[in-house]
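For reference, the structure discussed in these notes is given below.
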Amino acid sequence: MEVKREWLENDYYKVLGVSPSASDKEITKAYRKLARELHPDANPNDAEAEDRFKEVSAAYDVLGDGERRAQYDQVRHMGPMDFRAEPGGFTMEGDLADIFSTFMGGGRFERGGARFSGQSRPVRGHDLNASLSLDFAEAVRGATTELTLSGDTARAGRSISVRIPAGVGDGQRIKLAGKGEPGFNGAPPGDLYVTVKVQPHPVFGRQGKNLTVAVPVTFAQAALGAEVSVPTFEGEPVTLRLPPGSQPGQVLRVRGRGVKTPRGTGDLLVTVNLEVPTGLSDEQRQALAAFDKTMEGKP
């Protein structure tokens, strides 16, 4: 890594308003706060704010990297040095060149002095994370919605249009390329990662691409078999043939009535929910008692 002249000319801790003993978290927090306040988008036609934004970004480029920060601290600890300009850079005279050669791993040095560049390298913008709450229907069908960023970031308070693909699941993470923090010195911006939280539905559930629903049936329907009406998420109900002897909790499948995704369409999984009657009449009680006698010795 090259030593840069501005390391010796600028107090980056002072630029960010933090102590030299500040933690990485404190440095990042200070940078994001200043970057948000000074970003050119928030200060159009303000050359002074733009210059400060570049200064703050340059400071974080060094202090935000553990290795570069350690080298910067060593350089600053040496104190003022004597520099002499030369074509293509400048040289640092004296015995300190040997010290630089030691801790910088023999970088771009010349005998009698250390040569290094004063040009700032491009720095890619930081990635951001956000969360988005969707109702069940939006997650199943897909949707385009607005997401307002928050937190200590240069993009805080800005709204971003987010396209949610059909069939997104609860807890799924969506990447929005180039929607993170802006880059510095011509570098590309970071990415935005959105974690989706899907609200539950009062009737339907999800198992991957499949939708689930519970359908109540009577004892007679379960025992004898019957045709029952089953609700679907999209469109009209369908008629499902319940086979004789269907058991509580048994799952039947209606194909092609699940979630439509680019990788195919799921099914509708129907769970048999046996509904036990209450408030029986005398006639009904007698009929059940007579039936029960025929079932003696059997579960």
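Convention: chains lettered A, B, ... in structure tokens order; per-chain residue numbering from 1; ligands numbered from 1 as shown.
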Notebook entry, point to check: Within 7 Å of Gly258 of chain A, counting only C-alpha atoms, which residues qualify if same-chain residues fewer than 3 places away don't, as a list in words?
Noted result: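 Counting only C-alpha atoms, the residues come to Lys209, Asn210, Leu211, Thr265, Gly266, Asp267 and Leu268 of chain A.
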For the residues in the current selection, export C-alpha atoms as a short mmCIF file (atom, residue, chain, number, x, y, z; two decimals), in the first residue's frame.
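Done, and the output landed in part.cif:
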```cif
data_model
loop_
_atom_site.label_atom_id
_atom_site.label_comp_id
_atom_site.auth_asym_id
_atom_site.auth_seq_id
_atom_site.Cartn_x
_atom_site.Cartn_y
_atom_site.Cartn_z
CA LYS A 209 -44.64 -22.10 -3.64
CA ASN A 210 -47.68 -23.87 -2.16
CA LEU A 211 -50.62 -22.18 -0.48
CA THR A 265 -46.62 -22.44 -9.93
CA GLY A 266 -47.29 -24.21 -6.67
CA ASP A 267 -50.38 -26.09 -5.49
CA LEU A 268 -53.14 -25.49 -2.96
#
```
Next item on the list: Skip Pro243 of chain A itself and residues of its chain fewer than 2 positions away, then list as a ChimeraX atom specification all residues within 12 Å of it, counting only C-alpha atoms.
Entry: /A:217,220-228,240-241,245-247,250-252,272
Check: Could you pull the residues within 8 Å of Leu176 of chain A, counting only C-alpha atoms, minus those fewer than 4 positions along the same chain, as a list in words?
Finding: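 After dropping sequence-adjacent residues, the list is Asp191, Leu192, Tyr193 and Val194 of chain A.
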Check: Using only C-alpha atoms, which residues sit within 8 Å of Leu34 of chain A once same-chain residues fewer than 4 positions away are excluded, as a list in words?
Finding: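 My reading of the contact set: Leu16, Ala30, Leu38, Phe53 and Val56 of chain A.
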Filtering to C-alpha atoms, could you give me those residues as a PDB file, in the first residue's frame?
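The new file part_15.pdb reads:
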```pdb
ATOM      1  CA  LEU A  16     -14.621  13.503  11.280  1.00  0.00           C
ATOM      2  CA  ALA A  30     -19.583  10.141  12.552  1.00  0.00           C
ATOM      3  CA  LEU A  38     -22.893  17.351   3.222  1.00  0.00           C
ATOM      4  CA  PHE A  53     -18.065  16.018   1.543  1.00  0.00           C
ATOM      5  CA  VAL A  56     -14.957  13.695   4.918  1.00  0.00           C
TER       6      VAL A  56
END
```
Note to self: Need the shell around segment 196-203 of chain A: protein/DNA/RNA residues with any atom at most 9 Å away, counting only C-alpha atoms. Skip same-chain ones fewer than 4 positions apart. Format as a ChimeraX atom specification?
What the structure shows: /A:130-139,168-174,212-214
Notebook entry, point to check: Tell me, which residues of segment 38-283 of chain A carry DSSP helix (DSSP H, G or I), written as an MDAnalysis selection string?
Noted result: chainID A and resid 38 47:63 66:77 96:103 136:141 219:224 282:283
Check: Which of these residues is nearest to Glu234 of chain A, using only C-alpha atoms: A:Ile164, A:Ala177, A:Glu9, A:Arg257?
Finding: A:Arg257
